[in-house]
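Chemist: Just one file: input.cif, with mmCIF, C-alpha atoms and all ligand atoms.
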```
data_input
#
loop_
_atom_site.label_atom_id
_atom_site.label_comp_id
_atom_site.auth_asym_id
_atom_site.auth_seq_id
_atom_site.Cartn_x
_atom_site.Cartn_y
_atom_site.Cartn_z
CA MET A 1 -28.01 -11.65 14.23
CA SER A 2 -30.01 -9.25 12.06
CA ASP A 3 -30.36 -5.59 12.95
CA TRP A 4 -33.74 -4.61 14.48
CA PHE A 5 -34.93 -2.91 11.29
CA ASP A 6 -34.19 -5.94 9.08
CA VAL A 7 -36.68 -8.70 8.43
CA PRO A 8 -34.99 -11.57 10.34
CA MET A 9 -33.70 -13.96 7.71
CA PRO A 10 -31.40 -16.89 8.24
CA THR A 11 -27.98 -16.16 6.81
CA LEU A 12 -25.15 -18.27 5.50
CA TYR A 13 -21.95 -16.62 6.74
CA ILE A 14 -18.70 -17.34 4.89
CA VAL A 15 -16.07 -17.09 7.59
CA PRO A 16 -12.33 -16.97 6.80
CA THR A 17 -10.05 -18.54 9.41
CA PRO A 18 -6.27 -18.22 10.04
CA ILE A 19 -3.78 -19.63 7.50
CA GLY A 20 -1.30 -20.40 10.28
CA ASN A 21 -1.26 -17.81 13.01
CA LEU A 22 -4.30 -18.23 15.29
CA GLU A 23 -4.30 -14.51 16.03
CA ASP A 24 -5.31 -13.83 12.42
CA ILE A 25 -9.04 -14.02 12.94
CA THR A 26 -11.31 -11.01 13.09
CA LEU A 27 -13.48 -10.09 16.05
CA ARG A 28 -16.47 -10.34 13.75
CA ALA A 29 -15.51 -13.85 12.62
CA LEU A 30 -15.28 -14.95 16.26
CA ARG A 31 -18.63 -13.37 17.13
CA THR A 32 -20.26 -14.98 14.09
CA LEU A 33 -18.86 -18.42 14.94
CA ARG A 34 -20.17 -17.99 18.48
CA GLU A 35 -23.66 -16.82 17.48
CA VAL A 36 -24.63 -19.09 14.56
CA THR A 37 -26.58 -22.28 15.28
CA LEU A 38 -24.32 -24.50 13.17
CA ILE A 39 -20.82 -24.39 11.67
CA ALA A 40 -20.23 -26.36 8.45
CA ALA A 41 -16.52 -27.15 8.50
CA GLU A 42 -14.21 -28.73 5.92
CA ASP A 43 -12.43 -30.67 8.68
CA THR A 44 -14.25 -30.73 11.98
CA ARG A 45 -11.07 -31.66 13.88
CA THR A 46 -9.13 -28.65 12.58
CA THR A 47 -12.04 -26.32 13.29
CA ARG A 48 -12.59 -27.81 16.75
CA THR A 49 -9.01 -26.85 17.66
CA LEU A 50 -9.70 -23.27 16.58
CA LEU A 51 -13.02 -23.16 18.43
CA GLN A 52 -11.45 -24.57 21.61
CA HIS A 53 -8.73 -21.93 21.45
CA TYR A 54 -11.45 -19.26 21.52
CA SER A 55 -13.84 -21.16 23.86
CA ILE A 56 -16.57 -21.39 21.23
CA GLU A 57 -19.04 -24.23 21.66
CA THR A 58 -21.18 -23.99 18.52
CA PRO A 59 -22.11 -27.41 17.03
CA LEU A 60 -20.12 -28.53 13.99
CA THR A 61 -20.99 -30.56 10.93
CA SER A 62 -18.65 -31.66 8.18
CA TYR A 63 -18.77 -30.13 4.72
CA HIS A 64 -15.91 -31.24 2.50
CA GLU A 65 -14.95 -32.05 -1.07
CA HIS A 66 -16.43 -35.56 -0.93
CA ASN A 67 -19.79 -34.84 0.74
CA LYS A 68 -20.39 -31.28 -0.40
CA LEU A 69 -23.36 -32.15 -2.65
CA ALA A 70 -24.89 -34.73 -0.32
CA LYS A 71 -24.65 -32.22 2.55
CA LEU A 72 -26.60 -29.43 0.86
CA ASP A 73 -30.04 -30.55 2.09
CA ALA A 74 -28.87 -30.87 5.71
CA ILE A 75 -27.31 -27.41 5.61
CA PHE A 76 -30.44 -25.86 4.10
CA ALA A 77 -32.56 -27.63 6.71
CA ALA A 78 -30.40 -25.97 9.39
CA LEU A 79 -30.73 -22.62 7.59
CA ALA A 80 -34.52 -22.89 7.81
CA SER A 81 -34.30 -22.24 11.55
CA GLY A 82 -31.04 -20.38 12.13
CA ASP A 83 -27.80 -18.95 10.80
CA VAL A 84 -25.02 -21.22 9.53
CA ALA A 85 -21.32 -20.41 9.17
CA LEU A 86 -19.14 -22.05 6.56
CA VAL A 87 -15.42 -22.44 7.32
CA SER A 88 -12.62 -24.29 5.55
CA ASP A 89 -9.42 -25.73 7.03
CA ALA A 90 -7.63 -22.43 6.58
CA GLY A 91 -8.18 -19.12 4.87
CA THR A 92 -11.22 -18.13 2.87
CA PRO A 93 -13.80 -20.81 2.02
CA GLY A 94 -14.38 -21.15 -1.70
CA ILE A 95 -10.82 -20.20 -2.62
CA SER A 96 -9.26 -23.55 -3.68
CA ASP A 97 -11.50 -24.93 -0.94
CA PRO A 98 -15.10 -26.19 -0.85
CA GLY A 99 -17.74 -23.51 -0.63
CA ALA A 100 -18.55 -22.25 -4.12
CA GLU A 101 -21.36 -24.78 -4.73
CA LEU A 102 -22.98 -24.12 -1.36
CA ILE A 103 -22.84 -20.36 -1.88
CA ALA A 104 -24.32 -20.64 -5.39
CA ALA A 105 -27.07 -22.98 -4.13
CA ALA A 106 -27.87 -20.62 -1.24
CA ILE A 107 -28.20 -17.66 -3.59
CA GLU A 108 -30.37 -19.75 -5.90
CA ARG A 109 -32.72 -20.63 -3.03
CA GLY A 110 -32.97 -17.05 -1.86
CA VAL A 111 -30.88 -17.59 1.30
CA ARG A 112 -29.01 -14.51 2.44
CA VAL A 113 -25.23 -14.93 2.05
CA GLU A 114 -22.72 -12.77 3.88
CA ALA A 115 -19.02 -13.16 3.12
CA LEU A 116 -16.71 -11.88 5.85
CA PRO A 117 -13.29 -10.51 4.86
CA GLY A 118 -10.28 -12.27 6.32
CA PRO A 119 -7.13 -14.37 5.80
CA ASN A 120 -6.22 -15.66 2.37
CA ALA A 121 -2.83 -17.06 1.34
CA ALA A 122 -2.92 -15.71 -2.23
CA ILE A 123 -3.49 -12.08 -1.26
CA THR A 124 -1.02 -12.24 1.64
CA ALA A 125 1.67 -13.63 -0.71
CA LEU A 126 0.89 -11.11 -3.46
CA VAL A 127 1.19 -8.13 -1.16
CA GLY A 128 4.43 -9.45 0.41
CA SER A 129 5.95 -10.32 -2.96
CA GLY A 130 6.64 -6.74 -3.99
CA LEU A 131 5.31 -7.50 -7.49
CA PRO A 132 2.62 -5.24 -9.02
CA THR A 133 -0.70 -5.49 -7.22
CA ASP A 134 -2.81 -3.26 -9.47
CA GLY A 135 -3.94 -6.26 -11.49
CA PHE A 136 -3.44 -9.95 -10.82
CA VAL A 137 -4.71 -13.36 -11.87
CA PHE A 138 -5.30 -16.12 -9.33
CA LEU A 139 -4.75 -19.51 -10.93
CA GLY A 140 -5.40 -21.91 -8.05
CA PHE A 141 -3.26 -25.08 -8.25
CA PRO A 142 -1.56 -25.72 -11.62
CA PRO A 143 -2.13 -29.21 -13.08
CA LYS A 144 -0.06 -31.94 -11.44
CA LYS A 145 1.12 -33.66 -14.62
CA SER A 146 4.15 -32.16 -16.29
CA LYS A 147 2.75 -31.80 -19.83
CA ALA A 148 -0.60 -30.39 -18.65
CA ARG A 149 1.23 -27.95 -16.36
CA ARG A 150 3.38 -26.65 -19.22
CA ASP A 151 0.34 -26.28 -21.49
CA PHE A 152 -1.45 -24.44 -18.69
CA LEU A 153 1.47 -22.01 -18.29
CA ALA A 154 1.90 -21.58 -22.06
CA GLU A 155 -1.73 -20.48 -22.27
CA ILE A 156 -1.10 -17.55 -19.94
CA ALA A 157 2.38 -16.63 -21.21
CA ASP A 158 1.18 -13.26 -22.57
CA GLU A 159 -0.74 -12.27 -19.44
CA GLN A 160 0.66 -8.95 -18.23
CA ARG A 161 -0.92 -9.02 -14.79
CA THR A 162 0.85 -10.65 -11.84
CA LEU A 163 0.16 -14.39 -11.59
CA ILE A 164 -0.57 -16.17 -8.32
CA MET A 165 -0.71 -19.93 -7.88
CA TYR A 166 -0.80 -22.44 -5.08
CA GLU A 167 1.66 -25.32 -5.19
CA SER A 168 2.66 -28.29 -3.11
CA PRO A 169 6.26 -28.41 -1.83
CA HIS A 170 6.88 -31.66 -3.77
CA ARG A 171 6.18 -30.01 -7.09
CA LEU A 172 7.70 -26.58 -6.41
CA THR A 173 11.03 -27.03 -8.24
CA GLU A 174 9.36 -28.71 -11.22
CA THR A 175 6.87 -25.87 -11.48
CA LEU A 176 9.61 -23.24 -11.20
CA ALA A 177 11.47 -25.02 -14.03
CA ALA A 178 8.28 -25.02 -16.11
CA ILE A 179 7.82 -21.29 -15.37
CA ALA A 180 11.39 -20.48 -16.49
CA ASP A 181 11.01 -22.57 -19.68
CA THR A 182 7.52 -21.46 -20.61
CA LEU A 183 7.28 -17.88 -19.35
CA GLY A 184 10.97 -16.92 -19.45
CA GLU A 185 13.17 -15.67 -16.66
CA ARG A 186 10.53 -13.70 -14.81
CA GLN A 187 10.79 -12.43 -11.26
CA VAL A 188 9.02 -14.75 -8.86
CA CYS A 189 8.35 -14.82 -5.15
CA VAL A 190 7.86 -18.11 -3.34
CA ALA A 191 5.89 -17.40 -0.17
CA ARG A 192 6.21 -20.33 2.18
CA GLU A 193 4.57 -20.96 5.55
CA LEU A 194 2.95 -17.53 5.64
CA THR A 195 2.12 -16.23 9.11
CA LYS A 196 3.85 -19.25 10.70
CA LEU A 197 7.09 -19.62 12.62
CA TYR A 198 9.20 -20.47 9.56
CA GLU A 199 7.62 -17.97 7.17
CA GLU A 200 9.86 -17.30 4.18
CA LEU A 201 9.47 -15.07 1.13
CA ARG A 202 12.14 -15.90 -1.43
CA ARG A 203 12.42 -13.53 -4.37
CA GLY A 204 14.50 -13.76 -7.56
CA SER A 205 14.34 -15.12 -11.08
CA ALA A 206 12.50 -18.43 -11.50
CA SER A 207 15.84 -20.24 -12.03
CA GLU A 208 17.55 -18.59 -9.04
CA VAL A 209 14.71 -19.50 -6.72
CA ARG A 210 14.57 -22.99 -8.17
CA ALA A 211 18.33 -23.46 -7.61
CA HIS A 212 17.84 -22.53 -3.96
CA TYR A 213 15.06 -25.06 -3.44
CA ASN A 214 17.01 -27.73 -5.30
CA GLN A 215 19.64 -27.31 -2.59
CA GLN A 216 17.15 -27.02 0.24
CA PRO A 217 13.99 -28.97 -0.53
CA PRO A 218 11.04 -26.92 0.71
CA ARG A 219 8.51 -27.97 3.29
CA GLY A 220 5.17 -26.59 4.27
CA GLU A 221 2.60 -24.59 2.36
CA ILE A 222 3.51 -22.54 -0.68
CA VAL A 223 2.23 -19.75 -2.90
CA ILE A 224 4.11 -18.80 -6.07
CA VAL A 225 3.75 -15.22 -7.29
CA VAL A 226 5.08 -14.55 -10.79
CA ALA A 227 5.62 -11.22 -12.56
CA GLY A 228 3.32 -10.70 -15.54
CA ALA A 229 4.63 -10.64 -19.10
CA ALA A 230 6.43 -7.46 -20.17
CA PRO A 231 4.26 -5.35 -22.49
CA PRO A 232 5.17 -5.88 -26.15
CA GLU A 233 7.81 -3.42 -27.33
CA ILE A 234 6.40 -0.77 -29.62
CA VAL A 235 8.66 0.00 -32.57
CA VAL A 236 8.00 3.64 -33.46
CA TRP A 237 7.39 4.05 -37.17
CA ASP A 238 9.02 6.77 -39.29
CA GLU A 239 6.94 9.39 -41.14
CA ALA A 240 7.10 7.57 -44.47
CA ALA A 241 5.60 4.44 -42.89
CA VAL A 242 2.79 6.45 -41.27
CA ARG A 243 1.99 8.18 -44.57
CA ALA A 244 1.95 4.81 -46.38
CA ALA A 245 -0.43 3.40 -43.77
CA LEU A 246 -2.70 6.45 -44.17
CA ARG A 247 -2.77 6.06 -47.94
CA ALA A 248 -3.67 2.39 -47.57
CA ALA A 249 -6.43 3.36 -45.12
CA PHE A 250 -7.87 5.92 -47.56
CA ALA A 251 -7.73 3.39 -50.38
CA ALA A 252 -9.78 1.07 -48.16
CA ASN A 253 -12.25 3.94 -47.42
CA GLU A 254 -11.38 4.02 -43.72
CA PRO A 255 -12.48 7.36 -42.23
CA LEU A 256 -9.61 9.62 -41.22
CA ASN A 257 -10.57 9.75 -37.55
CA ALA A 258 -10.61 5.95 -37.21
CA ALA A 259 -7.46 5.52 -39.30
CA ALA A 260 -5.56 8.11 -37.24
CA LYS A 261 -6.54 6.38 -34.00
CA ARG A 262 -5.61 2.90 -35.23
CA ILE A 263 -2.36 3.91 -36.93
CA ALA A 264 -1.26 6.01 -33.94
CA ARG A 265 -1.65 2.94 -31.72
CA GLU A 266 0.27 0.68 -34.10
CA ALA A 267 2.95 3.26 -34.92
CA GLY A 268 3.61 4.53 -31.40
CA TRP A 269 2.60 8.04 -32.56
CA ASP A 270 0.37 10.74 -31.11
CA ARG A 271 -3.10 10.51 -32.70
CA ARG A 272 -3.23 14.23 -33.52
CA ALA A 273 0.11 14.07 -35.35
CA VAL A 274 -1.16 11.15 -37.46
CA TYR A 275 -4.38 13.02 -38.10
CA ALA A 276 -2.47 16.09 -39.30
CA LEU A 277 -0.42 13.93 -41.69
CA GLY A 278 -3.66 12.32 -42.83
CA VAL A 279 -5.14 15.72 -43.73
CA ASP A 280 -1.96 16.49 -45.67
CA GLU A 281 -2.12 13.15 -47.52
CA LYS A 282 -5.76 13.61 -48.30
CA VAL A 283 -5.18 17.02 -49.84
CA ASP A 284 -2.60 15.35 -52.06
CA VAL A 285 -4.84 12.44 -52.95
CA GLU A 286 -8.05 14.31 -53.65
CA ALA A 287 -9.14 17.91 -53.50
CA CYS A 288 -11.15 17.43 -50.37
CA ASP A 289 -13.90 15.15 -49.14
CA ASP A 290 -16.11 14.82 -46.10
CA HIS A 291 -13.19 13.67 -43.98
CA CYS A 292 -11.59 17.11 -44.21
CA ALA A 293 -14.36 18.26 -41.92
CA ASP A 294 -13.49 15.60 -39.32
CA SER A 295 -11.85 16.98 -36.25
CA PRO A 296 -9.32 15.05 -34.16
N1 LIG B 301 -8.71 -21.24 1.21
C1 LIG B 301 -7.30 -21.05 1.36
C2 LIG B 301 -6.97 -19.57 1.19
O1 LIG B 301 -7.88 -18.75 1.34
O2 LIG B 301 -5.83 -19.22 0.95
C3 LIG B 301 -6.50 -21.93 0.42
C4 LIG B 301 -6.74 -23.39 0.62
S1 LIG B 301 -5.84 -24.44 -0.45
C5 LIG B 301 -6.59 -25.98 -0.16
C6 LIG B 301 -4.33 -24.68 0.42
C7 LIG B 301 -3.16 -24.02 -0.30
O3 LIG B 301 -3.13 -22.64 0.02
C8 LIG B 301 -1.83 -24.56 0.15
O4 LIG B 301 -1.46 -25.74 -0.54
C9 LIG B 301 -0.91 -23.41 -0.19
O5 LIG B 301 -0.64 -23.39 -1.58
C10 LIG B 301 -1.80 -22.21 0.15
N2 LIG B 301 -1.59 -21.85 1.57
C11 LIG B 301 -2.45 -21.99 2.59
N3 LIG B 301 -1.90 -21.54 3.73
C12 LIG B 301 -0.67 -21.09 3.42
C13 LIG B 301 0.41 -20.52 4.16
N4 LIG B 301 0.31 -20.32 5.48
N5 LIG B 301 1.54 -20.18 3.51
C14 LIG B 301 1.65 -20.37 2.17
N6 LIG B 301 0.67 -20.91 1.43
C15 LIG B 301 -0.46 -21.27 2.04
#
```
Let me see whether you can do it: turn the structure in this file into structure tokens.
Modeler:
Amino acid sequence: MSDWFDVPMPTLYIVPTPIGNLEDITLRALRTLREVTLIAAEDTRTTRTLLQHYSIETPLTSYHEHNKLAKLDAIFAALASGDVALVSDAGTPGISDPGAELIAAAIERGVRVEALPGPNAAITALVGSGLPTDGFVFLGFPPKKSKARRDFLAEIADEQRTLIMYESPHRLTETLAAIADTLGERQVCVARELTKLYEELRRGSASEVRAHYNQQPPRGEIVIVVAGAAPPEIVVWDEAAVRAALRAAFAANEPLNAAAKRIAREAGWDRRAVYALGVDEKVDVEACDDHCADSP
């Protein structure tokens, strides 16, 4: 599968597969699955259904949570003579699915690894949620036990980026309650059964969405997207407070440039305005020193 100018080198392909809708597979993923000599699959029955749908007859071997270490040698033996594709039950291998250890071991042994882009529930939910996408944190599955789950959420309470987590339908309402209690009444989006017949994206505050699912217990697969924490409110200082902070900085021998930058950030002021006040204060405090030559 290498181009003519490459040195032919067996490759481990990481191949994402649909998260529900069988049409969500790329042409390249299908070609790769057809051309490799072996497919390592999390569940060979699930993957066989996909392969049959696309008339692909590549041999399969299992690679799952419970045999993933024992299987490494067999997969590397196959890689000695041909390309291997890694697939999980659904979505992108390695994302809350087996794969990470195999990929790390392949890199360690100098095997070429190529990750194909494709379906992933977290990204699909994030984009559909309407919550900010410029920065986000993927948390995988939160802990199952109530106390551990609350501690886990408390640890990320100040995170300002959008949070994404996977959850089982049985724990959804408990987790939404923990989100409301620990993170406050944030906007959430519960993305359920993405790309499938009964796809649903339910948006609202954590308590509103929880109330809905208390009435109608959810089924199927679920991603929870949660708005990040609001940035801390900056209380803008008055001039007297800025001058006092500058005097304290000078008393501690902090250079004017550094003090102006720090105080501006804390005071919600423009740095140049703080600097100008600093020059004024300095003239009062002492005739002039090296800092007078500093420029903003
Ligand atoms: N590797 C997969 C990926 O790339 O998204 C994730 C595998 S993880 C074992 C399975 C979890 O992903 C489910 O419990 C659910 O939280 C989420 N998930 C997978 N498919 C989904 C779908 N169609 N709709 C909503 N969530 C889904």
Chemist: List every protein, DNA or RNA residue that has at least one atom no more than 8 Å from (-17.6, -19.1, 12.7) in the file's coordinates, counting all atoms listed in the file, and write the result as a PDB file with C-alpha atoms, keeping the file's coordinate frame.
Modeler:
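As a result, point-v4.pdb now contains:
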```pdb
ATOM      1  CA  TYR A  13     -21.950 -16.620   6.740  1.00  0.00           C
ATOM      2  CA  VAL A  15     -16.070 -17.090   7.590  1.00  0.00           C
ATOM      3  CA  ALA A  29     -15.510 -13.850  12.620  1.00  0.00           C
ATOM      4  CA  LEU A  30     -15.280 -14.950  16.260  1.00  0.00           C
ATOM      5  CA  ARG A  31     -18.630 -13.370  17.130  1.00  0.00           C
ATOM      6  CA  THR A  32     -20.260 -14.980  14.090  1.00  0.00           C
ATOM      7  CA  LEU A  33     -18.860 -18.420  14.940  1.00  0.00           C
ATOM      8  CA  ARG A  34     -20.170 -17.990  18.480  1.00  0.00           C
ATOM      9  CA  VAL A  36     -24.630 -19.090  14.560  1.00  0.00           C
ATOM     10  CA  ILE A  39     -20.820 -24.390  11.670  1.00  0.00           C
ATOM     11  CA  ALA A  85     -21.320 -20.410   9.170  1.00  0.00           C
ATOM     12  CA  LEU A  86     -19.140 -22.050   6.560  1.00  0.00           C
ATOM     13  CA  VAL A  87     -15.420 -22.440   7.320  1.00  0.00           C
TER      14      VAL A  87
END
```
Chemist: Compute the set of protein, DNA and RNA residues whose minimum atom distance to ligand LIG 301 (chain B) is at most 9 Å, using only C-alpha atoms and all ligand atoms, and state it as a PyMOL selection string.
Modeler: chain A and resi 16-21+88-98+118-125+140-141+165-169+190-196+199-200+220-224
Chemist: For A:Glu114, which residue out of A:Ala180, A:Leu256, A:Leu12, A:Ala248 is the nearest one, using only C-alpha atoms?
Modeler: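 Looking only at the distances to A:Glu114, the closest residue turns out to be A:Leu12.
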Chemist: What does the distance from atom CA of A:Gln52 to atom CA of A:Leu22 come to in Å, to one decimal?
Modeler: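 Taking atom CA of A:Gln52 as the start and atom CA of A:Leu22 as the end point, the length is 11.5 Å.
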Chemist: For atom CA of A:Phe76 and atom CA of A:Ala115, quote the distance in Å rounded to one decimal.
Modeler: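 We find that atom CA of A:Phe76 and atom CA of A:Ala115 lie 17.1 Å from each other.
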Chemist: Which of these, A:Val209, A:Arg161, A:Leu79, A:Ala267, has the shortest distance to A:Leu102 once you count all atoms listed in the file?
Modeler: A:Leu79
Chemist: Figure out the distance between atom CA of A:Glu266 and atom CA of A:Ala241, please, to one decimal in Å.
Modeler: 10.9 Å
Chemist: Have a look at A:Ser55, A:Thr11, A:Thr49, A:Gln187 and name the one nearest to A:Ala80; count only C-alpha atoms.
Modeler: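 Nearest to A:Ala80: A:Thr11.
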Chemist: Name the residues in contact with A:Val225 at a cut-off of 6 Å, using all atoms listed in the file, excluding same-chain residues fewer than 3 positions from it; report them as a list in words.
Modeler: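 Once the adjacent positions are removed, what remains is Leu163, Ile164, Val188 and Cys189 of chain A.
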Chemist: Mind dumping a table of every stretch 181-229 of chain A residue within 9 Å of stretch 155-158 of chain A, with the nearest atom pair and its distance in Å to one decimal, using all atoms listed in the file, sorted by chain and rising number, as a Markdown table?
Modeler:
```
| residue | atom | partner | partner_atom | distance |
| --- | --- | --- | --- | --- |
| A:Thr182 | CA | A:Ala157 | CA | 7.1 |
| A:Leu183 | CA | A:Ala157 | CA | 5.4 |
| A:Gly184 | CA | A:Ala157 | CA | 8.8 |
| A:Gly228 | CA | A:Asp158 | CA | 7.8 |
| A:Ala229 | CA | A:Asp158 | CA | 5.6 |
```
Chemist: For a quick check of understanding, using all atoms listed in the file, which of A:Asp270, A:Glu65, A:Asp280, A:Asp24 has the smallest distance to A:Asp43?
Modeler: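 Of the candidates, the smallest distance to A:Asp43 is held by A:Glu65.
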Chemist: Residues within 9 Å of stretch 213-216 of chain A, please, as a list of chain:residue names. Count all atoms listed in the file; anything in the same chain fewer than 5 positions from it doesn't count.
Modeler: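 Once the adjacent positions are removed, what remains is A:Leu172, A:Thr173, A:Glu208.
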Chemist: Kindly indicate which residue among A:Ala240, A:Leu131, A:Ala245, A:Ala260 lies nearest to A:Arg186, using only C-alpha atoms for the distances.
Modeler: A:Leu131
Chemist: Could you tell me which of A:Ala227, A:Leu176, A:Ala74, A:Leu60 comes closest to A:Thr44 if we count all atoms listed in the file?
Modeler: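 Of all the options, A:Leu60 lies closest to A:Thr44.
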Chemist: Emit as JSON the padded axis-aligned box for all listed atoms of stretch 163-167 of chain A, 4 Å per side, with centre and edge lengths in Å to one decimal.
Modeler:
```
{"center_x": 0.4, "center_y": -19.9, "center_z": -8.3, "size_x": 10.5, "size_y": 18.9, "size_z": 14.5}
```
Chemist: Applying 10 Å and all atoms listed in the file, which residues near A:Phe250 remain after dropping the ones on its own chain fewer than 3 positions away? List them as a list in words.
Modeler: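 Within the cut-off, the hits are Ala244, Ala245, Leu246, Arg247, Asn253, Glu254, Pro255, Leu256, Ala259, Gly278, Glu281, Lys282 and Val285 of chain A.
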